[in-house]
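Structure record follows, encoded as structure tokens.
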Amino acid sequence: MIELIVPNLGEEEIAAAIDVLRSRQLSQGAVGASFESEFAKLLGVRHVVAVNSGTAAVHCALKAVGVGEGDEVLTTPFTFAATASTVLMQRAKVRFVDIDPRTYNVDLASYAAAATPATKAVIAVDLFGLPCDCAGADTLRSRGIAIVEDACQAIGSERDGKPVGAECDAAAFSFYATKNLVMGEGGALATNDDAIADSARRFRQHGQVGDEFAELGYNYRLTEVLAAIGRAQLNRLNAITQARRANAAFYDEQLAGVPGVTLPCAPGNAVHVYHHYAVLIDRAATPNRRGRDEVRSALAEKGVGSGVYYRKPLHLQPLFGGPQRAGEFPVAERIAAQVLSLPVHPHLSQADRARVVSAFKSAVGA
Ligand SMILES: Cc1ncc(COP(=O)(O)O)c(C=O)c1O
């Protein structure tokens, strides 16, 4: 079986974790601080605040930019639930904006066009590892709207030659077990703003300042063992990214022109890191008239794993409204019905990639 997701972990991570266990300093030590400074250097930002999940990182970012009760926050309906559930954690309101069918993302200009006087912030997602287009950032800023970047899937990606994470007010990263940089669980907030970094540091530590609990906060701390694994992963991040991009380039070349299949795109100013290699399958145009789910079953029969991210856009999830909202975001709904992720992880051999291509072509009847 060629698995959809295989984490890239090795002896370096195992040794680093054991070193921490032997040191007996399991939380709030030097390893976490080193991870923060090394990651900040890689991103070219002033501050990284390590936390225990990507969800915590988005939540810290919203709190730090001042999102609170009753505020409106704009985001995409085509993302993981945590992008938007963190808005609810701040007792604010989520308003979705429909996605671009080519990038599966919402660009900042579209958020600016949809913003109202009630809009406090936007959460721009770099879905599947493709940085969202930031051309509308100045318009949002001139209206006092904060920009939080959900880069949970996009570590290592670049926009205009710079790593994502530096351009928006605060960016959130996830190191969950399936992500390009893996700790198992973990996250980080990146920012150039001293006040945002200070706020996030308080928020991850119960709102504590000195001896006082000054405001509501949480326990969002990252453990030293996970920070040690993260440091080892940072050392191999470039290799991980290059391997994913090489696999994606192979699929781009081999699957180009297959009828009924749309391949992922990357605008010229963006470096896509392919957290997912997500294609669209249009049942009306595949040679054998198979749709996404039948193609997925045919791939499984040939021993090729695949996945659907995301089968149901957020506005159709019970938490955000449910089925009565059907039709509100037609592009997101169409993409959700057609999208399929193929294995793109660094452990694929050339023979594996070739097998994925031939199984996929046969699954669509090409
Ligand atoms: C786009 C997006 N946002 C937020 C998250 C939340 O990250 P975590 O699972 O580390 O809490 C994830 C990942 O799961 C994600 O993919």
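For the structure tokens, the naming scheme is as follows: chains receive sequential letters (A, B, ...) according to their order of presentation, residues are indexed from 1 within each chain, and ligands are indexed from 1 in presentation order.
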Check: Can you tell me, as a ChimeraX atom specification, what residues are no more than 9 Å from Ser53 of chain A when counting only C-alpha atoms, ignoring any on the same chain fewer than 5 positions away?
Finding: /A:58,173-176,185-188,220-222
Using the selection just defined, write its residues with C-alpha atoms as a PDB file, in the first residue's frame.
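Everything below was put into part-v3.pdb:
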ATOM      1  CA  VAL A  58      -4.503  30.734  15.724  1.00  0.00           C
ATOM      2  CA  PHE A 173       1.855  27.080  12.154  1.00  0.00           C
ATOM      3  CA  SER A 174       0.915  23.505  13.096  1.00  0.00           C
ATOM      4  CA  PHE A 175       3.266  20.613  13.775  1.00  0.00           C
ATOM      5  CA  TYR A 176       0.504  17.992  14.022  1.00  0.00           C
ATOM      6  CA  GLU A 185       1.221  17.866  18.334  1.00  0.00           C
ATOM      7  CA  GLY A 186       2.576  21.404  18.430  1.00  0.00           C
ATOM      8  CA  GLY A 187       2.325  24.849  16.930  1.00  0.00           C
ATOM      9  CA  ALA A 188       3.855  28.286  16.779  1.00  0.00           C
ATOM     10  CA  TYR A 220      -0.835  26.341  25.555  1.00  0.00           C
ATOM     11  CA  ARG A 221       2.800  25.487  26.375  1.00  0.00           C
ATOM     12  CA  LEU A 222       4.883  23.206  24.148  1.00  0.00           C
TER      13      LEU A 222
END
Margin query: Please identify all protein, DNA and RNA residues within 9 Å of ligand 1, counting only C-alpha atoms and all ligand atoms, and report them as a PyMOL selection string.
Written below: chain A and resi 52-58+79-84+125-128+150-154+172-179+184-187
Next item on the list: Write out as a list in words the residues lying within 12 Å of Ala337 of chain A, counting only C-alpha atoms and excluding same-chain residues fewer than 6 positions away.
Entry: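 In the requested form, the answer reads Phe78, Val279, Leu280, Ile281, Asp282, Arg283, Gly291, Arg292, Asp293, Val308, Tyr309, Tyr310, Arg311, Lys312, Pro313, Pro330 and Val331 of chain A.
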Selection file, N, CA and C atoms, as a short mmCIF file (atom, residue, chain, number, x, y, z; two decimals), in the first residue's frame:
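Contents of result27.cif, as written:
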data_model
loop_
_atom_site.label_atom_id
_atom_site.label_comp_id
_atom_site.auth_asym_id
_atom_site.auth_seq_id
_atom_site.Cartn_x
_atom_site.Cartn_y
_atom_site.Cartn_z
N PHE A 78 -13.44 26.76 3.19
CA PHE A 78 -12.77 25.53 2.72
C PHE A 78 -11.43 25.40 3.44
N VAL A 279 -5.99 17.32 -6.45
CA VAL A 279 -6.53 17.47 -7.81
C VAL A 279 -8.05 17.57 -7.72
N LEU A 280 -8.65 18.06 -8.80
CA LEU A 280 -10.12 18.06 -8.91
C LEU A 280 -10.51 17.04 -9.97
N ILE A 281 -11.59 16.31 -9.68
CA ILE A 281 -12.08 15.32 -10.64
C ILE A 281 -13.51 15.66 -11.01
N ASP A 282 -13.69 15.96 -12.28
CA ASP A 282 -15.01 16.35 -12.79
C ASP A 282 -15.64 15.14 -13.48
N ARG A 283 -16.61 14.55 -12.79
CA ARG A 283 -17.24 13.32 -13.28
C ARG A 283 -17.74 13.45 -14.73
N GLY A 291 -16.51 9.75 -10.85
CA GLY A 291 -16.31 10.91 -9.99
C GLY A 291 -15.27 10.62 -8.93
N ARG A 292 -15.05 11.59 -8.07
CA ARG A 292 -13.99 11.53 -7.07
C ARG A 292 -14.03 10.26 -6.21
N ASP A 293 -15.21 9.91 -5.67
CA ASP A 293 -15.24 8.79 -4.73
C ASP A 293 -14.99 7.45 -5.42
N VAL A 308 -9.57 12.90 1.22
CA VAL A 308 -10.46 14.00 0.84
C VAL A 308 -10.38 15.09 1.90
N TYR A 309 -9.82 16.20 1.52
CA TYR A 309 -9.71 17.39 2.37
C TYR A 309 -10.25 18.56 1.57
N TYR A 310 -11.47 18.98 1.77
CA TYR A 310 -12.40 18.66 2.82
C TYR A 310 -13.72 18.29 2.17
N ARG A 311 -14.36 17.27 2.69
CA ARG A 311 -15.57 16.75 2.06
C ARG A 311 -16.74 17.71 2.25
N LYS A 312 -16.73 18.44 3.36
CA LYS A 312 -17.85 19.33 3.65
C LYS A 312 -17.30 20.69 4.05
N PRO A 313 -17.61 21.75 3.28
CA PRO A 313 -17.12 23.08 3.68
C PRO A 313 -17.71 23.46 5.05
N PRO A 330 -20.95 28.50 -3.42
CA PRO A 330 -21.00 27.47 -4.46
C PRO A 330 -19.64 26.99 -4.92
N VAL A 331 -18.63 27.85 -4.91
CA VAL A 331 -17.31 27.39 -5.39
C VAL A 331 -16.75 26.40 -4.37
#
Item checked: Using only C-alpha atoms: which of A:Cys134, A:Ile18, A:Leu140, A:Ala228 has the shortest distance to Ala113 of chain A -> A:Leu140
Next item on the list: Mind checking which residues fall within 7 Å of segment 37-49 of chain A, counting only C-alpha atoms, ignoring those fewer than 6 positions away in the same chain, and posting them as a list in words?
Entry: Pro163, Gly165, Ala166, Ala188, Leu189, Ala190, Thr191, Asn192, Ala197, Ala200 and Arg201 of chain A
Checklist line | Surrounding residues of Thr76 of chain A excluding itself and chain neighbours under 4 positions, 10 Å, only C-alpha atoms, as a list of chain:residue names | finding: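 Once the adjacent positions are removed, what remains is A:Phe80, A:Thr83, A:Ala84, A:Val94, A:Arg95, A:Phe96, A:Val97, A:Asp98, A:Ile99, A:Tyr104, A:Asn105, A:Val106, A:Asp107, A:Tyr111, A:Val122, A:Ile123, A:Ala124, A:Val125, A:Leu127, A:Pro313, A:Leu314, A:His315, A:Phe329, A:Ala332.
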Write the residues of the preceding selection, restricted to N, CA and C atoms, as a CSV table (one decimal), in the first residue's frame.
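In the end it all went to result-v6.csv:
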chain,number,residue,atom,x,y,z
A,80,PHE,N,-9.7,23.6,7.5
A,80,PHE,CA,-9.9,22.7,8.7
A,80,PHE,C,-10.7,23.5,9.7
A,83,THR,N,-9.5,26.7,12.0
A,83,THR,CA,-9.4,28.0,11.5
A,83,THR,C,-10.5,28.9,12.0
A,84,ALA,N,-11.7,28.4,12.0
A,84,ALA,CA,-12.9,29.2,12.3
A,84,ALA,C,-13.4,28.9,13.7
A,94,VAL,N,-18.1,34.4,12.9
A,94,VAL,CA,-17.4,34.0,11.7
A,94,VAL,C,-18.2,34.4,10.5
A,95,ARG,N,-17.6,35.0,9.5
A,95,ARG,CA,-18.3,35.3,8.2
A,95,ARG,C,-17.4,34.7,7.1
A,96,PHE,N,-18.0,33.8,6.3
A,96,PHE,CA,-17.2,33.2,5.3
A,96,PHE,C,-17.2,34.0,4.0
A,97,VAL,N,-16.1,33.8,3.2
A,97,VAL,CA,-16.0,34.4,1.9
A,97,VAL,C,-15.7,33.3,0.9
A,98,ASP,N,-16.3,33.2,-0.2
A,98,ASP,CA,-16.1,32.0,-1.1
A,98,ASP,C,-14.7,32.0,-1.7
A,99,ILE,N,-14.2,30.8,-2.1
A,99,ILE,CA,-12.8,30.7,-2.5
A,99,ILE,C,-12.7,30.8,-4.0
A,104,TYR,N,-8.0,27.4,-4.5
A,104,TYR,CA,-8.8,26.9,-3.3
A,104,TYR,C,-8.6,27.8,-2.1
A,105,ASN,N,-8.0,29.0,-2.3
A,105,ASN,CA,-7.8,29.9,-1.2
A,105,ASN,C,-8.7,31.2,-1.4
A,106,VAL,N,-8.7,32.0,-0.4
A,106,VAL,CA,-9.3,33.3,-0.6
A,106,VAL,C,-8.2,34.3,-0.5
A,107,ASP,N,-8.1,35.2,-1.5
A,107,ASP,CA,-7.0,36.2,-1.4
A,107,ASP,C,-7.4,37.4,-0.6
A,111,TYR,N,-11.1,39.4,0.6
A,111,TYR,CA,-11.5,39.7,2.0
A,111,TYR,C,-11.8,41.2,2.1
A,122,VAL,N,-9.2,39.3,9.5
A,122,VAL,CA,-9.4,38.2,8.6
A,122,VAL,C,-8.4,37.1,9.0
A,123,ILE,N,-8.8,35.9,8.7
A,123,ILE,CA,-7.9,34.8,8.8
A,123,ILE,C,-7.6,34.2,7.4
A,124,ALA,N,-6.5,34.5,6.9
A,124,ALA,CA,-6.1,34.1,5.5
A,124,ALA,C,-5.4,32.8,5.6
A,125,VAL,N,-5.9,31.8,4.9
A,125,VAL,CA,-5.4,30.4,5.0
A,125,VAL,C,-4.5,30.1,3.8
A,127,LEU,N,-3.9,27.3,2.1
A,127,LEU,CA,-4.4,25.9,2.0
A,127,LEU,C,-3.5,25.0,1.2
A,313,PRO,N,-17.6,21.8,3.3
A,313,PRO,CA,-17.1,23.1,3.7
A,313,PRO,C,-17.7,23.5,5.0
A,314,LEU,N,-17.0,24.4,5.7
A,314,LEU,CA,-17.4,24.7,7.1
A,314,LEU,C,-18.8,25.2,7.3
A,315,HIS,N,-19.3,26.0,6.3
A,315,HIS,CA,-20.7,26.5,6.5
A,315,HIS,C,-21.7,25.4,6.6
A,329,PHE,N,-22.0,29.1,-0.6
A,329,PHE,CA,-20.6,29.3,-1.1
A,329,PHE,C,-20.4,28.2,-2.2
A,332,ALA,N,-16.8,26.8,-3.1
A,332,ALA,CA,-16.3,25.8,-2.1
A,332,ALA,C,-17.1,24.5,-2.1
Notebook entry, point to check: Hey, what does DSSP flag as strand (DSSP E) within segment 22-175 of chain A? Can you give it to me as a ChimeraX atom specification?
Noted result: /A:47-51,72-75,93-96,119-125,146-150,158-159,162-163,170-174
Take the residues from that selection and put them in a file with N, CA and C atoms, as a compact mmCIF listing (two decimals), in the first residue's frame.
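And here's again01.txt as it stands now:
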# COMPACT_ATOMS: atom_id res chain seq x y z
N HIS A 47 9.80 37.46 16.25
CA HIS A 47 9.36 36.60 17.36
C HIS A 47 8.68 35.33 16.87
N VAL A 48 9.01 34.23 17.54
CA VAL A 48 8.20 33.01 17.42
C VAL A 48 7.80 32.62 18.84
N VAL A 49 6.54 32.33 19.03
CA VAL A 49 6.04 31.85 20.32
C VAL A 49 5.55 30.42 20.10
N ALA A 50 6.26 29.45 20.68
CA ALA A 50 5.89 28.04 20.50
C ALA A 50 4.71 27.70 21.40
N VAL A 51 3.77 26.96 20.86
CA VAL A 51 2.58 26.54 21.62
C VAL A 51 2.30 25.06 21.33
N GLU A 72 -16.54 40.72 14.11
CA GLU A 72 -16.70 39.88 12.92
C GLU A 72 -15.31 39.52 12.38
N VAL A 73 -15.13 38.24 12.06
CA VAL A 73 -13.87 37.78 11.47
C VAL A 73 -14.19 37.06 10.17
N LEU A 74 -13.50 37.45 9.10
CA LEU A 74 -13.72 36.82 7.80
C LEU A 74 -12.71 35.71 7.59
N THR A 75 -13.18 34.60 7.03
CA THR A 75 -12.26 33.53 6.64
C THR A 75 -12.89 32.68 5.54
N LYS A 93 -17.78 36.48 15.75
CA LYS A 93 -18.63 35.88 14.72
C LYS A 93 -17.80 35.57 13.47
N VAL A 94 -18.06 34.39 12.90
CA VAL A 94 -17.36 33.99 11.68
C VAL A 94 -18.21 34.39 10.48
N ARG A 95 -17.61 35.05 9.50
CA ARG A 95 -18.30 35.25 8.22
C ARG A 95 -17.39 34.70 7.12
N PHE A 96 -17.96 33.81 6.31
CA PHE A 96 -17.15 33.17 5.28
C PHE A 96 -17.18 33.97 3.98
N THR A 119 -15.99 44.33 10.66
CA THR A 119 -14.89 43.36 10.50
C THR A 119 -13.67 43.79 11.31
N LYS A 120 -13.27 42.93 12.21
CA LYS A 120 -12.11 43.22 13.07
C LYS A 120 -10.84 42.60 12.49
N ALA A 121 -10.99 41.42 11.88
CA ALA A 121 -9.81 40.69 11.40
C ALA A 121 -10.20 39.74 10.29
N VAL A 122 -9.21 39.32 9.51
CA VAL A 122 -9.41 38.21 8.58
C VAL A 122 -8.42 37.11 8.95
N ILE A 123 -8.81 35.87 8.69
CA ILE A 123 -7.86 34.75 8.83
C ILE A 123 -7.63 34.21 7.43
N ALA A 124 -6.46 34.52 6.88
CA ALA A 124 -6.11 34.09 5.52
C ALA A 124 -5.40 32.75 5.62
N VAL A 125 -5.90 31.76 4.92
CA VAL A 125 -5.36 30.40 5.01
C VAL A 125 -4.47 30.12 3.80
N ALA A 146 -7.18 43.64 11.09
CA ALA A 146 -5.98 42.84 11.33
C ALA A 146 -5.95 41.63 10.40
N ILE A 147 -4.73 41.21 10.06
CA ILE A 147 -4.57 40.05 9.16
C ILE A 147 -3.83 38.95 9.91
N VAL A 148 -4.56 37.87 10.16
CA VAL A 148 -3.96 36.67 10.76
C VAL A 148 -3.79 35.67 9.63
N GLU A 149 -2.61 35.08 9.54
CA GLU A 149 -2.36 34.09 8.49
C GLU A 149 -2.38 32.70 9.12
N ASP A 150 -3.26 31.84 8.65
CA ASP A 150 -3.27 30.45 9.08
C ASP A 150 -2.36 29.69 8.13
N GLU A 158 6.84 30.05 0.28
CA GLU A 158 7.32 31.42 0.08
C GLU A 158 6.36 32.21 -0.77
N ARG A 159 6.34 33.50 -0.47
CA ARG A 159 5.56 34.46 -1.26
C ARG A 159 6.53 35.58 -1.62
N LYS A 162 9.95 35.38 -0.10
CA LYS A 162 10.14 35.41 1.36
C LYS A 162 9.31 34.30 2.02
N PRO A 163 9.84 33.70 3.10
CA PRO A 163 9.06 32.65 3.76
C PRO A 163 7.73 33.20 4.28
N ALA A 170 0.14 38.36 12.33
CA ALA A 170 0.60 37.16 13.05
C ALA A 170 0.30 35.96 12.18
N ALA A 171 1.21 34.98 12.17
CA ALA A 171 0.99 33.75 11.40
C ALA A 171 1.01 32.57 12.35
N ALA A 172 0.17 31.57 12.05
CA ALA A 172 0.08 30.37 12.89
C ALA A 172 0.56 29.16 12.10
N PHE A 173 1.35 28.33 12.76
CA PHE A 173 1.85 27.08 12.15
C PHE A 173 1.43 25.89 13.02
N SER A 174 1.25 24.74 12.37
CA SER A 174 0.92 23.50 13.10
C SER A 174 1.99 22.46 12.85
Next item on the list: Would you please work out which residue, of A:Lys302, A:Arg141, A:Lys63, A:Arg102, is nearest to Ala278 of chain A when using only C-alpha atoms?
Entry: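 Among A:Lys302, A:Arg141, A:Lys63, A:Arg102, it is A:Arg102 that comes nearest to Ala278 of chain A.
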Next item on the list: Just list the residues in segment 277-346 of chain A DSSP gives alpha helix (DSSP H) on the backbone, as an NGL selection string.
Entry: :A and (292-301 or 330-338)
Give me a file of those residues, with C-alpha atoms, as a short mmCIF file (atom, residue, chain, number, x, y, z; two decimals), in the first residue's frame.
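Now in part-v3.cif:
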data_model
loop_
_atom_site.label_atom_id
_atom_site.label_comp_id
_atom_site.auth_asym_id
_atom_site.auth_seq_id
_atom_site.Cartn_x
_atom_site.Cartn_y
_atom_site.Cartn_z
CA ARG A 292 -13.99 11.53 -7.07
CA ASP A 293 -15.24 8.79 -4.73
CA GLU A 294 -15.18 6.08 -7.40
CA VAL A 295 -11.67 7.12 -8.41
CA ARG A 296 -10.67 6.92 -4.76
CA SER A 297 -12.02 3.35 -4.47
CA ALA A 298 -10.27 2.33 -7.69
CA LEU A 299 -6.98 3.73 -6.34
CA ALA A 300 -7.44 1.81 -3.07
CA GLU A 301 -7.96 -1.42 -5.04
CA PRO A 330 -21.00 27.47 -4.46
CA VAL A 331 -17.31 27.39 -5.39
CA ALA A 332 -16.30 25.83 -2.07
CA GLU A 333 -19.15 23.32 -2.41
CA ARG A 334 -18.08 22.31 -5.93
CA ILE A 335 -14.42 21.97 -4.97
CA ALA A 336 -15.37 19.92 -1.88
CA ALA A 337 -17.26 17.50 -4.14
CA GLN A 338 -14.35 17.10 -6.58
#
Check: Quick one: residues within 10 Å of Arg91 of chain A, only C-alpha atoms counted, chain neighbours fewer than 3 positions away excluded, as a PyMOL selection string?
Finding: chain A and resi 67-72+85-88+94
Item checked: Contact residues around Arg24 of chain A with only C-alpha atoms at 10 Å, ignoring same-chain residues under 4 positions, as an MDAnalysis selection string -> chainID A and resid 19:20 224
Next, write the just-selected residues to a file, as a PDB file, in the first residue's frame, keeping C-alpha atoms as the atom set.
ATOM      1  CA  ASP A  19      18.414  13.760  25.401  1.00  0.00           C
ATOM      2  CA  VAL A  20      15.557  15.837  26.794  1.00  0.00           C
ATOM      3  CA  GLU A 224      10.646  20.240  25.685  1.00  0.00           C
TER       4      GLU A 224
END
Next item on the list: Find the residue from A:Cys132, A:Asp138, A:Arg143, A:Ala118 that sits nearest to Asp100 of chain A; use only C-alpha atoms when measuring.
Entry: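 Residue with the minimum atom-to-atom distance to Asp100 of chain A: A:Cys132.
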